[in-house]
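Pasting input_33.cif here (mmCIF, C-alpha atoms and all ligand atoms):
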```
data_my_file
loop_
_atom_site.group_PDB
_atom_site.id
_atom_site.type_symbol
_atom_site.label_atom_id
_atom_site.label_comp_id
_atom_site.auth_asym_id
_atom_site.auth_seq_id
_atom_site.Cartn_x
_atom_site.Cartn_y
_atom_site.Cartn_z
ATOM 1 C CA MET A 52 34.263 -77.408 32.388
ATOM 2 C CA CYS A 53 33.431 -80.902 31.189
ATOM 3 C CA LYS A 54 30.203 -82.348 32.555
ATOM 4 C CA LYS A 55 30.190 -85.411 34.748
ATOM 5 C CA VAL A 56 27.112 -87.587 34.503
ATOM 6 C CA ILE A 57 25.461 -89.786 37.121
ATOM 7 C CA MET A 58 22.759 -91.973 35.609
ATOM 8 C CA ILE A 59 20.258 -93.914 37.700
ATOM 9 C CA MET A 60 18.478 -96.726 35.891
ATOM 10 C CA LEU A 61 15.079 -96.945 37.579
ATOM 11 C CA ASP A 62 13.444 -100.289 36.868
ATOM 12 C CA GLY A 63 9.653 -100.364 36.768
ATOM 13 C CA PHE A 64 9.091 -96.674 37.428
ATOM 14 C CA GLY A 65 6.484 -95.206 35.102
ATOM 15 C CA ILE A 66 4.506 -92.000 34.905
ATOM 16 C CA PRO A 67 1.052 -92.486 36.461
ATOM 17 C CA GLU A 68 -1.794 -92.346 33.958
ATOM 18 C CA LYS A 69 -3.290 -89.289 35.666
ATOM 19 C CA GLY A 70 0.065 -87.509 36.028
ATOM 20 C CA TRP A 71 2.421 -86.987 38.955
ATOM 21 C CA LEU A 72 -0.068 -85.315 41.271
ATOM 22 C CA ASN A 73 -2.617 -87.435 43.134
ATOM 23 C CA SER A 74 -0.567 -90.539 42.391
ATOM 24 C CA ILE A 75 1.228 -93.204 44.413
ATOM 25 C CA TYR A 76 4.263 -90.915 44.228
ATOM 26 C CA SER A 77 2.498 -87.934 45.777
ATOM 27 C CA GLU A 78 1.307 -90.277 48.525
ATOM 28 C CA PHE A 79 4.612 -91.987 49.353
ATOM 29 C CA CYS A 80 7.303 -89.561 48.180
ATOM 30 C CA ASP A 81 8.313 -86.163 49.458
ATOM 31 C CA SER A 82 6.538 -83.390 47.521
ATOM 32 C CA ARG A 83 9.956 -82.031 46.489
ATOM 33 C CA PHE A 84 10.790 -85.295 44.710
ATOM 34 C CA VAL A 85 7.473 -85.233 42.853
ATOM 35 C CA GLY A 86 8.084 -81.564 42.002
ATOM 36 C CA LEU A 87 11.571 -82.338 40.667
ATOM 37 C CA LEU A 88 10.216 -85.133 38.477
ATOM 38 C CA SER A 89 7.435 -83.048 37.015
ATOM 39 C CA GLU A 90 9.720 -80.063 36.370
ATOM 40 C CA PHE A 91 12.862 -81.770 35.087
ATOM 41 C CA SER A 92 11.610 -84.784 33.137
ATOM 42 C CA ILE A 93 9.983 -85.560 29.823
ATOM 43 C CA PRO A 94 7.873 -88.667 29.131
ATOM 44 C CA VAL A 95 9.362 -91.349 26.896
ATOM 45 C CA ARG A 96 7.562 -94.357 25.473
ATOM 46 C CA THR A 97 8.700 -97.896 26.202
ATOM 47 C CA ASP A 98 6.689 -99.985 23.702
ATOM 48 C CA MET A 99 9.135 -99.385 20.813
ATOM 49 C CA GLY A 100 6.219 -99.851 18.396
ATOM 50 C CA ILE A 101 5.791 -103.503 19.334
ATOM 51 C CA ASP A 102 2.591 -105.018 20.798
ATOM 52 C CA GLY A 103 2.616 -106.504 24.259
ATOM 53 C CA ILE A 104 3.815 -105.377 27.657
ATOM 54 C CA PRO A 105 7.281 -103.767 27.778
ATOM 55 C CA GLN A 106 9.913 -105.889 29.544
ATOM 56 C CA SER A 107 13.349 -105.426 31.098
ATOM 57 C CA ALA A 108 15.725 -107.299 28.755
ATOM 58 C CA THR A 109 14.591 -105.467 25.617
ATOM 59 C CA GLY A 110 13.853 -102.202 27.454
ATOM 60 C CA GLN A 111 17.260 -101.949 29.097
ATOM 61 C CA THR A 112 19.040 -103.040 25.919
ATOM 62 C CA ALA A 113 17.264 -100.198 24.086
ATOM 63 C CA LEU A 114 18.085 -97.710 26.821
ATOM 64 C CA PHE A 115 21.789 -98.539 26.939
ATOM 65 C CA THR A 116 22.486 -99.318 23.261
ATOM 66 C CA GLY A 117 20.177 -97.021 21.300
ATOM 67 C CA CYS A 118 18.782 -100.007 19.362
ATOM 68 C CA ASN A 119 15.100 -100.767 19.046
ATOM 69 C CA ALA A 120 15.656 -104.101 20.761
ATOM 70 C CA ALA A 121 11.960 -105.076 20.812
ATOM 71 C CA LYS A 122 11.731 -104.571 17.035
ATOM 72 C CA ILE A 123 14.887 -106.612 16.453
ATOM 73 C CA MET A 124 13.514 -109.438 18.623
ATOM 74 C CA GLY A 125 9.951 -109.040 17.293
ATOM 75 C CA MET A 126 8.702 -109.006 20.887
ATOM 76 C CA HIS A 127 9.375 -107.667 24.380
ATOM 77 C CA VAL A 128 11.836 -109.992 26.153
ATOM 78 C CA GLN A 129 11.665 -110.223 29.930
ATOM 79 C CA GLY A 130 14.314 -110.816 32.572
ATOM 80 C CA PHE A 131 17.873 -111.439 31.468
ATOM 81 C CA PRO A 132 19.019 -110.858 27.877
ATOM 82 C CA ASP A 133 19.415 -113.922 25.665
ATOM 83 C CA THR A 134 22.366 -114.601 23.353
ATOM 84 C CA LYS A 135 21.106 -112.292 20.594
ATOM 85 C CA LEU A 136 20.483 -109.369 22.949
ATOM 86 C CA ARG A 137 23.845 -109.940 24.636
ATOM 87 C CA GLU A 138 25.529 -109.744 21.218
ATOM 88 C CA ILE A 139 23.877 -106.361 20.633
ATOM 89 C CA ILE A 140 24.905 -105.130 24.103
ATOM 90 C CA CYS A 141 28.496 -106.293 23.606
ATOM 91 C CA SER A 142 28.723 -104.637 20.181
ATOM 92 C CA GLN A 143 27.724 -101.200 21.480
ATOM 93 C CA ASN A 144 26.578 -99.757 24.776
ATOM 94 C CA LEU A 145 26.922 -96.516 26.702
ATOM 95 C CA PHE A 146 30.009 -97.735 28.561
ATOM 96 C CA SER A 147 31.880 -99.014 25.503
ATOM 97 C CA SER A 148 30.923 -95.997 23.376
ATOM 98 C CA LEU A 149 32.238 -93.606 26.026
ATOM 99 C CA VAL A 150 35.392 -95.638 26.711
ATOM 100 C CA LYS A 151 36.107 -95.618 22.958
ATOM 101 C CA ARG A 152 36.145 -91.818 23.148
ATOM 102 C CA GLY A 153 38.539 -91.719 26.081
ATOM 103 C CA LYS A 154 35.926 -91.230 28.811
ATOM 104 C CA LYS A 155 36.141 -92.900 32.222
ATOM 105 C CA VAL A 156 33.053 -94.927 33.150
ATOM 106 C CA ALA A 157 31.924 -96.679 36.327
ATOM 107 C CA PHE A 158 29.196 -99.065 37.411
ATOM 108 C CA ALA A 159 28.633 -98.188 41.065
ATOM 109 C CA ASN A 160 26.547 -101.209 42.136
ATOM 110 C CA ALA A 161 28.186 -103.652 44.537
ATOM 111 C CA TYR A 162 28.331 -107.369 43.704
ATOM 112 C CA VAL A 163 28.522 -109.107 47.081
ATOM 113 C CA ARG A 164 27.000 -112.519 46.450
ATOM 114 C CA TYR A 165 28.693 -113.602 43.243
ATOM 115 C CA THR A 166 31.727 -112.745 41.167
ATOM 116 C CA LEU A 167 31.416 -111.987 37.458
ATOM 117 C CA GLU A 168 32.735 -115.491 36.698
ATOM 118 C CA GLU A 169 30.115 -117.136 38.907
ATOM 119 C CA LEU A 170 27.349 -115.093 37.292
ATOM 120 C CA GLU A 171 28.676 -116.160 33.885
ATOM 121 C CA ARG A 172 28.513 -119.836 34.886
ATOM 122 C CA MET A 173 24.994 -119.395 36.296
ATOM 123 C CA ARG A 174 23.931 -117.519 33.151
ATOM 124 C CA LEU A 175 22.457 -114.831 35.401
ATOM 125 C CA LYS A 176 23.659 -111.887 33.435
ATOM 126 C CA SER A 177 21.523 -108.787 33.459
ATOM 127 C CA VAL A 178 21.866 -106.117 30.787
ATOM 128 C CA THR A 179 24.096 -104.004 33.043
ATOM 129 C CA THR A 180 26.266 -106.979 34.064
ATOM 130 C CA THR A 181 26.740 -107.803 30.361
ATOM 131 C CA MET A 182 27.767 -104.185 29.741
ATOM 132 C CA VAL A 183 30.187 -104.214 32.659
ATOM 133 C CA GLU A 184 31.700 -107.533 31.627
ATOM 134 C CA SER A 185 32.255 -106.443 28.024
ATOM 135 C CA SER A 186 33.389 -102.869 28.693
ATOM 136 C CA ILE A 187 34.841 -102.572 32.208
ATOM 137 C CA GLY A 188 35.838 -106.140 33.045
ATOM 138 C CA TRP A 189 35.575 -105.967 36.851
ATOM 139 C CA VAL A 190 32.951 -105.274 39.491
ATOM 140 C CA ARG A 191 32.884 -103.594 42.896
ATOM 141 C CA ASN A 192 32.796 -106.263 45.621
ATOM 142 C CA LEU A 193 32.150 -106.269 49.378
ATOM 143 C CA ASP A 194 35.457 -104.523 50.118
ATOM 144 C CA TYR A 195 34.433 -101.657 47.866
ATOM 145 C CA LEU A 196 31.047 -101.504 49.560
ATOM 146 C CA GLN A 197 32.493 -101.471 53.059
ATOM 147 C CA SER A 198 34.784 -98.579 52.185
ATOM 148 C CA GLY A 199 31.977 -96.565 50.556
ATOM 149 C CA ASN A 200 33.319 -97.159 47.047
ATOM 150 C CA ALA A 201 30.199 -98.964 45.880
ATOM 151 C CA VAL A 202 26.458 -98.656 46.471
ATOM 152 C CA TYR A 203 24.253 -101.646 47.249
ATOM 153 C CA HIS A 204 21.157 -102.043 45.110
ATOM 154 C CA ASP A 205 18.825 -101.439 48.083
ATOM 155 C CA LEU A 206 20.734 -98.239 48.974
ATOM 156 C CA THR A 207 20.798 -98.971 52.747
ATOM 157 C CA ARG A 208 22.413 -102.477 52.636
ATOM 158 C CA LYS A 209 19.607 -103.802 54.868
ATOM 159 C CA SER A 210 19.029 -106.802 52.628
ATOM 160 C CA ILE A 211 22.592 -108.159 52.946
ATOM 161 C CA LYS A 212 22.968 -107.725 56.695
ATOM 162 C CA SER A 213 22.287 -111.439 57.245
ATOM 163 C CA ILE A 214 25.025 -112.675 54.890
ATOM 164 C CA SER A 215 27.732 -110.038 55.215
ATOM 165 C CA PRO A 216 29.077 -107.872 58.020
ATOM 166 C CA VAL A 217 28.238 -104.448 56.651
ATOM 167 C CA GLN A 218 27.168 -101.258 58.288
ATOM 168 C CA ILE A 219 23.645 -100.181 57.441
ATOM 169 C CA ILE A 220 23.611 -96.673 56.035
ATOM 170 C CA SER A 221 20.951 -94.098 55.242
ATOM 171 C CA PRO A 222 19.783 -93.473 51.653
ATOM 172 C CA LYS A 223 21.346 -90.017 52.077
ATOM 173 C CA GLN A 224 24.751 -91.598 52.781
ATOM 174 C CA ALA A 225 24.291 -93.880 49.750
ATOM 175 C CA ALA A 226 23.824 -90.738 47.640
ATOM 176 C CA ARG A 227 26.977 -89.183 49.092
ATOM 177 C CA ASP A 228 28.912 -92.407 48.372
ATOM 178 C CA LEU A 229 27.671 -92.328 44.768
ATOM 179 C CA LEU A 230 28.677 -88.672 44.402
ATOM 180 C CA ASN A 231 32.150 -89.484 45.766
ATOM 181 C CA ILE A 232 32.543 -92.396 43.339
ATOM 182 C CA SER A 233 31.471 -90.162 40.445
ATOM 183 C CA ASN A 234 34.274 -87.669 41.175
ATOM 184 C CA ASP A 235 36.754 -89.989 39.467
ATOM 185 C CA TYR A 236 34.657 -90.684 36.361
ATOM 186 C CA ASP A 237 32.970 -88.951 33.448
ATOM 187 C CA PHE A 238 29.958 -91.286 33.549
ATOM 188 C CA THR A 239 28.738 -93.267 36.559
ATOM 189 C CA LEU A 240 25.792 -95.652 36.388
ATOM 190 C CA PHE A 241 23.732 -97.008 39.286
ATOM 191 C CA GLU A 242 20.879 -99.488 38.864
ATOM 192 C CA TYR A 243 17.856 -99.424 41.168
ATOM 193 C CA PHE A 244 15.322 -102.205 40.671
ATOM 194 C CA LEU A 245 13.416 -102.395 43.969
ATOM 195 C CA THR A 246 10.746 -100.181 42.369
ATOM 196 C CA ASP A 247 10.055 -103.012 39.906
ATOM 197 C CA LYS A 248 10.136 -105.685 42.629
ATOM 198 C CA ALA A 249 7.730 -103.673 44.801
ATOM 199 C CA GLY A 250 5.445 -103.158 41.789
ATOM 200 C CA HIS A 251 5.306 -106.922 41.156
ATOM 201 C CA LYS A 252 4.325 -107.490 44.789
ATOM 202 C CA SER A 253 1.778 -104.634 44.810
ATOM 203 C CA ASP A 254 2.456 -104.403 48.538
ATOM 204 C CA LEU A 255 1.787 -100.876 49.768
ATOM 205 C CA GLY A 256 4.059 -101.267 52.813
ATOM 206 C CA ILE A 257 7.047 -102.312 50.689
ATOM 207 C CA LEU A 258 6.281 -99.663 48.094
ATOM 208 C CA LYS A 259 6.141 -96.947 50.742
ATOM 209 C CA GLU A 260 9.563 -97.943 52.081
ATOM 210 C CA VAL A 261 11.141 -98.264 48.621
ATOM 211 C CA LEU A 262 9.764 -94.964 47.328
ATOM 212 C CA GLY A 263 10.673 -93.230 50.588
ATOM 213 C CA ASP A 264 14.312 -94.382 50.341
ATOM 214 C CA LEU A 265 14.439 -93.456 46.653
ATOM 215 C CA THR A 266 13.073 -89.971 47.392
ATOM 216 C CA THR A 267 15.739 -89.271 50.014
ATOM 217 C CA PHE A 268 18.476 -90.672 47.749
ATOM 218 C CA VAL A 269 17.533 -88.647 44.663
ATOM 219 C CA CYS A 270 16.948 -85.399 46.591
ATOM 220 C CA GLU A 271 20.373 -85.728 48.238
ATOM 221 C CA LEU A 272 22.013 -86.379 44.848
ATOM 222 C CA VAL A 273 20.421 -83.244 43.422
ATOM 223 C CA ASP A 274 21.200 -81.138 46.517
ATOM 224 C CA SER A 275 24.804 -82.211 46.950
ATOM 225 C CA ALA A 276 25.964 -82.655 43.345
ATOM 226 C CA MET A 277 28.786 -80.348 42.282
ATOM 227 C CA GLU A 278 27.961 -77.751 39.671
ATOM 228 C CA ASN A 279 29.689 -79.772 36.954
ATOM 229 C CA THR A 280 27.673 -82.924 37.730
ATOM 230 C CA MET A 281 24.364 -83.717 36.110
ATOM 231 C CA ILE A 282 21.878 -86.301 37.324
ATOM 232 C CA ILE A 283 19.917 -88.459 34.896
ATOM 233 C CA LEU A 284 17.105 -90.860 35.774
ATOM 234 C CA ALA A 285 15.762 -93.186 33.111
ATOM 235 C CA GLY A 286 13.861 -96.440 33.187
ATOM 236 C CA ASP A 287 12.941 -99.454 31.103
ATOM 237 C CA HIS A 288 9.154 -99.647 31.650
ATOM 238 C CA GLY A 289 6.422 -98.743 34.100
ATOM 239 C CA ASN A 290 5.220 -100.871 37.003
ATOM 240 C CA CYS A 291 5.143 -99.433 40.524
ATOM 241 C CA GLU A 292 3.052 -96.395 39.573
ATOM 242 C CA ASP A 293 -0.030 -98.616 39.136
ATOM 243 C CA ILE A 294 -0.857 -100.712 42.174
ATOM 244 C CA THR A 295 -3.955 -102.176 40.562
ATOM 245 C CA THR A 296 -1.721 -104.595 38.640
ATOM 246 C CA LYS A 297 1.319 -106.712 39.541
ATOM 247 C CA LYS A 298 2.488 -106.554 35.927
ATOM 248 C CA HIS A 299 4.523 -103.972 34.054
ATOM 249 C CA THR A 300 2.532 -101.136 32.532
ATOM 250 C CA LYS A 301 2.515 -99.505 29.118
ATOM 251 C CA ASN A 302 2.799 -96.058 30.694
ATOM 252 C CA PRO A 303 5.662 -93.828 29.544
ATOM 253 C CA VAL A 304 8.664 -93.482 31.856
ATOM 254 C CA PRO A 305 10.282 -90.215 32.904
ATOM 255 C CA PHE A 306 13.594 -89.150 31.382
ATOM 256 C CA PHE A 307 14.832 -86.872 34.172
ATOM 257 C CA VAL A 308 17.729 -84.540 33.501
ATOM 258 C CA TYR A 309 19.024 -82.229 36.239
ATOM 259 C CA GLY A 310 21.936 -79.882 35.686
ATOM 260 C CA TYR A 311 21.580 -79.780 31.898
ATOM 261 C CA PRO A 312 18.762 -78.483 29.666
ATOM 262 C CA LEU A 313 15.997 -80.994 29.022
ATOM 263 C CA PRO A 314 15.816 -82.094 25.367
ATOM 264 C CA SER A 315 13.564 -79.777 23.385
ATOM 265 C CA LYS A 316 10.517 -81.131 21.536
ATOM 266 C CA ASP A 317 12.424 -80.811 18.229
ATOM 267 C CA ARG A 318 15.184 -83.098 19.514
ATOM 268 C CA GLY A 319 12.773 -86.016 19.186
ATOM 269 C CA ILE A 320 13.540 -87.900 22.405
ATOM 270 C CA LYS A 321 10.280 -89.815 22.438
ATOM 271 C CA SER A 322 11.213 -93.423 23.099
ATOM 272 C CA ILE A 323 13.707 -95.114 25.428
ATOM 273 C CA GLU A 324 16.101 -96.034 22.611
ATOM 274 C CA ASN A 325 16.563 -92.284 21.832
ATOM 275 C CA ILE A 326 18.232 -91.633 25.213
ATOM 276 C CA TYR A 327 21.525 -93.284 24.168
ATOM 277 C CA SER A 328 22.127 -90.738 21.404
ATOM 278 C CA PHE A 329 21.099 -87.822 23.637
ATOM 279 C CA ILE A 330 23.701 -88.768 26.250
ATOM 280 C CA LEU A 331 26.475 -89.318 23.695
ATOM 281 C CA GLU A 332 25.661 -86.612 21.176
ATOM 282 C CA ASP A 333 24.221 -83.780 23.258
ATOM 283 C CA ILE A 334 26.035 -84.226 26.553
ATOM 284 C CA PHE A 335 29.350 -85.809 25.529
ATOM 285 C CA LYS A 336 29.444 -84.133 22.081
ATOM 286 C CA VAL A 337 30.097 -87.290 20.087
ATOM 287 C CA PRO A 338 29.429 -86.481 16.385
ATOM 288 C CA LYS A 339 26.218 -88.076 15.100
ATOM 289 C CA SER A 340 28.091 -89.824 12.276
ATOM 290 C CA ASN A 341 30.181 -91.533 14.943
ATOM 291 C CA LEU A 342 27.381 -92.949 17.047
ATOM 292 C CA GLY A 343 27.173 -96.294 15.294
ATOM 293 C CA VAL A 344 23.591 -97.017 16.316
ATOM 294 C CA LEU A 345 22.564 -100.382 14.896
ATOM 295 C CA ASN A 346 19.440 -100.237 12.826
ATOM 296 C CA GLY A 347 16.367 -101.632 14.486
HETATM 297 ZN ZN ZN A 401 9.598 -106.550 36.268
#
```

Written as structure tokens, that's how I'd like the structure from this file.
Amino acid sequence: MCKKVIMIMLDGFGIPEKGWLNSIYSEFCDSRFVGLLSEFSIPVRTDMGIDGIPQSATGQTALFTGCNAAKIMGMHVQGFPDTKLREIICSQNLFSSLVKRGKKVAFANAYVRYTLEELERMRLKSVTTTMVESSIGWVRNLDYLQSGNAVYHDLTRKSIKSISPVQIISPKQAARDLLNISNDYDFTLFEYFLTDKAGHKSDLGILKEVLGDLTTFVCELVDSAMENTMIILAGDHGNCEDITTKKHTKNPVPFFVYGYPLPSKDRGIKSIENIYSFILEDIFKVPKSNLGVLNG
């Protein structure tokens, strides 16, 4: 049976310097979640061989396009991708590469404040929004969210209660909604960035809530996923694992793969830009010669 993939992009979620145990994760997350991460993930680097602190625009571009975006730019670029990075994202990304091979892809995040056109005018296009715009062409709005056909970025919808009439749900329900959405697709992506926001605030109360929700969400995904569904977690750079700084970290990030063998050491998945080829080549069996990875 063909594998279905759910990928969670975890922003600002690195591996603690001293390992998973005795870390912020062992303090604020269920021990099962920490156990899953240590058993089913490998560390990947985020510096891409470039000095400086890893950032989101280049990190996410590398993760979703397979290009060494920091090397191409000569630096780590923060926030939203600029014109050059957007060109790279539009020329190849996980969505477009899968669509080209007849696969069905979905971006599960709900867009309730702005439409794609409004985001375009405001030039507030994240890496994932750029991917969606160039490869899918539409986004899941409030109607989708209300009917459980989208997931809000905070999982529970608490942060939009004041602007939209939505029912607050548990992180467990958010996981079930994501699993239901994924039934109709080969590849479903969800972006979670509150880990990065909490890391920038270095607020233990916020971090405890965010990591608690994330724990429940991921454990439910793993527990309730059908046998043909694999769960991937991958991030762009570290942040929330080190509360002594409000900045991103240079720590490696976990590449978590559940429901499929972890890449062996020989496979050479050592840096975030290697994940693109692993998903296409190893999981979706796209021939290497067909990958079209731009040289970085
Ligand atoms: Zn950040």

Quick one: apply the PyMOL selection byres (((chain A and resi 243) around 6) and not hetatm) to the file and drop the selected residues here as a list in words. Met60, Leu61, His204, Glu242 and Phe244 of chain A

Surroundings of ligand ZN 401 (chain A) up to 9 Å, based on only C-alpha atoms and all ligand atoms, as a PyMOL selection string: chain A and resi 62-63+106-107+129-130+244+246-248+250-251+288-290+297-299

Closest atom pairs, residues of region 202-295 of chain A within 12 Å of region 84-95 of chain A, all atoms listed in the file, as a Markdown table:
```
| residue | atom | partner | partner_atom | distance |
| --- | --- | --- | --- | --- |
| A:Leu262 | CA | A:Phe84 | CA | 10.1 |
| A:Gly263 | CA | A:Phe84 | CA | 9.9 |
| A:Asp264 | CA | A:Phe84 | CA | 11.3 |
| A:Leu265 | CA | A:Phe84 | CA | 9.1 |
| A:Thr266 | CA | A:Phe84 | CA | 5.9 |
| A:Thr267 | CA | A:Phe84 | CA | 8.3 |
| A:Phe268 | CA | A:Phe84 | CA | 9.9 |
| A:Val269 | CA | A:Phe84 | CA | 7.5 |
| A:Cys270 | CA | A:Phe84 | CA | 6.4 |
| A:Glu271 | CA | A:Phe84 | CA | 10.2 |
| A:Leu272 | CA | A:Phe84 | CA | 11.3 |
| A:Val273 | CA | A:Leu87 | CA | 9.3 |
| A:Asp274 | CA | A:Leu87 | CA | 11.3 |
| A:Met281 | CA | A:Phe91 | CA | 11.7 |
| A:Ile282 | CA | A:Phe91 | CA | 10.3 |
| A:Ile283 | CA | A:Ser92 | CA | 9.3 |
| A:Leu284 | CA | A:Ser92 | CA | 8.6 |
| A:Ala285 | CA | A:Val95 | CA | 9.1 |
| A:Gly286 | CA | A:Val95 | CA | 9.3 |
| A:Asp287 | CA | A:Val95 | CA | 9.8 |
| A:His288 | CA | A:Val95 | CA | 9.6 |
| A:Gly289 | CA | A:Val95 | CA | 10.7 |
```

Determine, counting only C-alpha atoms, which protein, DNA and RNA residues have an atom within 12 Å of an atom of region 334-340 of chain A; residues of the same chain fewer than 2 positions away are not included. Present the result as a PyMOL selection string. chain A and resi 52-57+145+148-155+237-238+279-283+308+310-314+326-332+342-344

Using only C-alpha atoms, find the one residue out of A:Ser322, A:Gln224, A:Gln111, A:Gln218 that sits nearest to Leu206 (chain A).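 Residue with the minimum atom-to-atom distance to Leu206 (chain A): A:Gln224.
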
For CA of Glu78 (chain A) and CA of Pro303 (chain A), the interatomic separation in Å (one decimal):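 Value for the CA of Glu78 (chain A)-CA of Pro303 (chain A) distance: 19.8 Å.
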
Identify the residues around (4.4, -98.6, 42.3) within a radius of 7 Å, measuring from only C-alpha atoms in the coordinates stated by the file, and give them as a list in words.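 Answer for this query, in the requested form: Ile75, Thr246, Ala249, Gly250, Leu258, Asn290, Cys291, Glu292, Asp293 and Ile294 of chain A.
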
Put those residues in a file: C-alpha atoms, as a PDB file, keeping the file's coordinate frame.
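This went into part.pdb:
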```pdb
ATOM      1  CA  ILE A  75       1.228 -93.204  44.413  1.00  0.00           C
ATOM      2  CA  THR A 246      10.746-100.181  42.369  1.00  0.00           C
ATOM      3  CA  ALA A 249       7.730-103.673  44.801  1.00  0.00           C
ATOM      4  CA  GLY A 250       5.445-103.158  41.789  1.00  0.00           C
ATOM      5  CA  LEU A 258       6.281 -99.663  48.094  1.00  0.00           C
ATOM      6  CA  ASN A 290       5.220-100.871  37.003  1.00  0.00           C
ATOM      7  CA  CYS A 291       5.143 -99.433  40.524  1.00  0.00           C
ATOM      8  CA  GLU A 292       3.052 -96.395  39.573  1.00  0.00           C
ATOM      9  CA  ASP A 293      -0.030 -98.616  39.136  1.00  0.00           C
ATOM     10  CA  ILE A 294      -0.857-100.712  42.174  1.00  0.00           C
TER      11      ILE A 294
END
```

Would you work out the distance separating CA of Arg137 (chain A) from CA of Lys176 (chain A), expressed in Å to one decimal?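 Atom-to-atom, CA of Arg137 (chain A) to CA of Lys176 (chain A), that is 9.0 Å.
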
Counting only C-alpha atoms, the residue of A:Thr239, A:Ser82, A:Thr300, A:Ser186 that sits nearest Met58 (chain A):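 Of A:Thr239, A:Ser82, A:Thr300, A:Ser186, the one nearest Met58 (chain A) is A:Thr239, counting only C-alpha atoms.
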
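Summary of the local environment: counting all atoms listed in the file, residues at most 10 Å from Gly110 (chain A), other than itself and those fewer than 6 positions away along its chain, are A:Asp62, A:Thr97, A:Asp98, A:Met99, A:Cys118, A:Asn119, A:Ala120, A:Ala121, A:His127, A:Val128, A:Gln129, A:Val178, A:Gly286, A:Asp287, A:His288, A:Ile323, A:Glu324.
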
Among the residues A:Val190, A:Ser275, A:Lys316, A:Glu260, the one that comes closest to Asp228 (chain A) [using all atoms listed in the file]: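 Ranked by minimum distance to Asp228 (chain A), first place goes to A:Ser275.
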